[in-house]
Amino acid sequence: MPFPLHAVALTRLGVPLIDAANVEDLAATCAELGRHSFLLVAAPPRINRTTGLPVNPVAVF
């Protein structure tokens, strides 16, 4: 198994993993607002028995 932590986190713990996130715009917005805490909402579509679904992450300040 090439990524055992991914397999355990996804299947056994139900932890959503976001790989290769582009956070440059988020970092710029944080610096502009002078805030570095926010709520991250990432809701994948409800399709059973799948992995690797795209999400639309939203940062709420």
# chains A, B, ... in the order shown; residues from 1 in each chain; ligands from 1
$ select_by_dssp --residues "chain A" --states "strand (DSSP E or B)" --output "ChimeraX atom specification"
/A:39-41,58-60
$ write_last_selection --atoms "all heavy atoms" --output "short mmCIF file (atom, residue, chain, number, x, y, z; two decimals), in the first residue's frame"
data_model
loop_
_atom_site.label_atom_id
_atom_site.label_comp_id
_atom_site.auth_asym_id
_atom_site.auth_seq_id
_atom_site.Cartn_x
_atom_site.Cartn_y
_atom_site.Cartn_z
N LEU A 39 -13.27 29.78 9.05
CA LEU A 39 -13.95 28.50 8.98
C LEU A 39 -13.79 27.98 7.56
O LEU A 39 -14.10 28.69 6.60
CB LEU A 39 -15.44 28.68 9.30
CG LEU A 39 -16.34 27.48 9.01
CD1 LEU A 39 -16.01 26.34 9.97
CD2 LEU A 39 -17.79 27.88 9.13
N LEU A 40 -13.29 26.77 7.43
CA LEU A 40 -13.14 26.15 6.11
C LEU A 40 -14.28 25.16 5.91
O LEU A 40 -14.45 24.24 6.70
CB LEU A 40 -11.79 25.43 5.99
CG LEU A 40 -11.59 24.70 4.66
CD1 LEU A 40 -11.51 25.70 3.52
CD2 LEU A 40 -10.35 23.84 4.72
N VAL A 41 -15.05 25.37 4.87
CA VAL A 41 -16.16 24.48 4.53
C VAL A 41 -15.81 23.81 3.21
O VAL A 41 -15.56 24.48 2.21
CB VAL A 41 -17.48 25.26 4.38
CG1 VAL A 41 -18.62 24.33 4.01
CG2 VAL A 41 -17.79 26.02 5.65
N VAL A 58 -14.69 26.61 0.74
CA VAL A 58 -15.04 28.01 0.96
C VAL A 58 -14.48 28.43 2.31
O VAL A 58 -14.72 27.75 3.32
CB VAL A 58 -16.57 28.21 0.95
CG1 VAL A 58 -16.95 29.64 1.25
CG2 VAL A 58 -17.16 27.78 -0.39
N ALA A 59 -13.73 29.52 2.34
CA ALA A 59 -13.22 30.05 3.60
C ALA A 59 -14.15 31.19 4.04
O ALA A 59 -14.38 32.13 3.30
CB ALA A 59 -11.80 30.59 3.41
N VAL A 60 -14.70 31.07 5.24
CA VAL A 60 -15.62 32.06 5.78
C VAL A 60 -14.90 32.83 6.88
O VAL A 60 -14.46 32.24 7.87
CB VAL A 60 -16.89 31.36 6.35
CG1 VAL A 60 -17.86 32.42 6.89
CG2 VAL A 60 -17.55 30.50 5.29
#
$ residues_around --residues "stretch 16-22 of chain A" --least-positions-apart "2" --cutoff "12 Å" --atoms "only C-alpha atoms" --output "list in words"
Leu5, His6, Ala7, Val8, Ala9, Leu10, Thr11, Arg12, Leu13, Gly14, Glu24, Asp25, Leu26, Ala27, Ala28, Leu40, Val41, Ala42, Ala43, Pro44, Thr51, Gly52, Leu53, Pro54, Val55, Asn56, Pro57 and Val58 of chain A
$ atom_distance --atom1 "atom CA of A:Val15" --atom2 "atom CA of A:His36"
23.0 Å
$ select_by_dssp --residues "stretch 24-61 of chain A" --states "helix (DSSP H, G or I)" --output "PyMOL selection string"
chain A and resi 24-33
$ write_last_selection --atoms "all heavy atoms" --output "PDB file, in the first residue's frame"
ATOM      1  N   GLU A  24      -2.674  30.365  -2.175  1.00  0.00           N
ATOM      2  CA  GLU A  24      -2.048  31.683  -2.306  1.00  0.00           C
ATOM      3  C   GLU A  24      -3.073  32.809  -2.183  1.00  0.00           C
ATOM      4  O   GLU A  24      -2.823  33.808  -1.502  1.00  0.00           O
ATOM      5  CB  GLU A  24      -1.286  31.805  -3.632  1.00  0.00           C
ATOM      6  CG  GLU A  24       0.036  31.076  -3.650  1.00  0.00           C
ATOM      7  CD  GLU A  24      -0.112  29.599  -3.907  1.00  0.00           C
ATOM      8  OE1 GLU A  24      -1.186  29.170  -4.379  1.00  0.00           O
ATOM      9  OE2 GLU A  24       0.838  28.855  -3.607  1.00  0.00           O
ATOM     10  N   ASP A  25      -4.231  32.667  -2.824  1.00  0.00           N
ATOM     11  CA  ASP A  25      -5.265  33.704  -2.719  1.00  0.00           C
ATOM     12  C   ASP A  25      -5.796  33.813  -1.297  1.00  0.00           C
ATOM     13  O   ASP A  25      -6.073  34.907  -0.803  1.00  0.00           O
ATOM     14  CB  ASP A  25      -6.425  33.413  -3.678  1.00  0.00           C
ATOM     15  CG  ASP A  25      -6.042  33.583  -5.135  1.00  0.00           C
ATOM     16  OD1 ASP A  25      -5.030  34.266  -5.411  1.00  0.00           O
ATOM     17  OD2 ASP A  25      -6.756  33.039  -5.994  1.00  0.00           O
ATOM     18  N   LEU A  26      -5.937  32.680  -0.624  1.00  0.00           N
ATOM     19  CA  LEU A  26      -6.380  32.690   0.768  1.00  0.00           C
ATOM     20  C   LEU A  26      -5.366  33.407   1.654  1.00  0.00           C
ATOM     21  O   LEU A  26      -5.736  34.225   2.499  1.00  0.00           O
ATOM     22  CB  LEU A  26      -6.594  31.260   1.259  1.00  0.00           C
ATOM     23  CG  LEU A  26      -7.004  31.096   2.710  1.00  0.00           C
ATOM     24  CD1 LEU A  26      -8.312  31.818   3.007  1.00  0.00           C
ATOM     25  CD2 LEU A  26      -7.101  29.622   3.064  1.00  0.00           C
ATOM     26  N   ALA A  27      -4.086  33.140   1.452  1.00  0.00           N
ATOM     27  CA  ALA A  27      -3.046  33.800   2.239  1.00  0.00           C
ATOM     28  C   ALA A  27      -3.044  35.308   2.000  1.00  0.00           C
ATOM     29  O   ALA A  27      -2.885  36.096   2.939  1.00  0.00           O
ATOM     30  CB  ALA A  27      -1.680  33.210   1.904  1.00  0.00           C
ATOM     31  N   ALA A  28      -3.247  35.713   0.751  1.00  0.00           N
ATOM     32  CA  ALA A  28      -3.296  37.145   0.435  1.00  0.00           C
ATOM     33  C   ALA A  28      -4.499  37.813   1.100  1.00  0.00           C
ATOM     34  O   ALA A  28      -4.392  38.922   1.632  1.00  0.00           O
ATOM     35  CB  ALA A  28      -3.347  37.341  -1.072  1.00  0.00           C
ATOM     36  N   THR A  29      -5.631  37.150   1.100  1.00  0.00           N
ATOM     37  CA  THR A  29      -6.829  37.700   1.740  1.00  0.00           C
ATOM     38  C   THR A  29      -6.637  37.797   3.249  1.00  0.00           C
ATOM     39  O   THR A  29      -7.032  38.785   3.868  1.00  0.00           O
ATOM     40  CB  THR A  29      -8.070  36.847   1.409  1.00  0.00           C
ATOM     41  OG1 THR A  29      -8.236  36.805  -0.003  1.00  0.00           O
ATOM     42  CG2 THR A  29      -9.317  37.415   2.052  1.00  0.00           C
ATOM     43  N   CYS A  30      -6.028  36.784   3.844  1.00  0.00           N
ATOM     44  CA  CYS A  30      -5.734  36.823   5.286  1.00  0.00           C
ATOM     45  C   CYS A  30      -4.845  38.012   5.619  1.00  0.00           C
ATOM     46  O   CYS A  30      -5.102  38.735   6.591  1.00  0.00           O
ATOM     47  CB  CYS A  30      -5.057  35.527   5.729  1.00  0.00           C
ATOM     48  SG  CYS A  30      -6.152  34.111   5.840  1.00  0.00           S
ATOM     49  N   ALA A  31      -3.821  38.222   4.831  1.00  0.00           N
ATOM     50  CA  ALA A  31      -2.909  39.341   5.075  1.00  0.00           C
ATOM     51  C   ALA A  31      -3.628  40.677   4.895  1.00  0.00           C
ATOM     52  O   ALA A  31      -3.421  41.610   5.680  1.00  0.00           O
ATOM     53  CB  ALA A  31      -1.712  39.250   4.137  1.00  0.00           C
ATOM     54  N   GLU A  32      -4.485  40.755   3.874  1.00  0.00           N
ATOM     55  CA  GLU A  32      -5.212  41.991   3.607  1.00  0.00           C
ATOM     56  C   GLU A  32      -6.181  42.327   4.744  1.00  0.00           C
ATOM     57  O   GLU A  32      -6.307  43.492   5.127  1.00  0.00           O
ATOM     58  CB  GLU A  32      -5.989  41.846   2.296  1.00  0.00           C
ATOM     59  CG  GLU A  32      -6.791  43.062   1.896  1.00  0.00           C
ATOM     60  CD  GLU A  32      -7.550  42.812   0.613  1.00  0.00           C
ATOM     61  OE1 GLU A  32      -6.992  42.184  -0.303  1.00  0.00           O
ATOM     62  OE2 GLU A  32      -8.721  43.237   0.539  1.00  0.00           O
ATOM     63  N   LEU A  33      -6.859  41.326   5.277  1.00  0.00           N
ATOM     64  CA  LEU A  33      -7.820  41.538   6.353  1.00  0.00           C
ATOM     65  C   LEU A  33      -7.169  41.583   7.732  1.00  0.00           C
ATOM     66  O   LEU A  33      -7.808  41.971   8.709  1.00  0.00           O
ATOM     67  CB  LEU A  33      -8.875  40.425   6.344  1.00  0.00           C
ATOM     68  CG  LEU A  33      -9.784  40.357   5.123  1.00  0.00           C
ATOM     69  CD1 LEU A  33     -10.695  39.145   5.214  1.00  0.00           C
ATOM     70  CD2 LEU A  33     -10.591  41.638   4.984  1.00  0.00           C
TER      71      LEU A  33
END
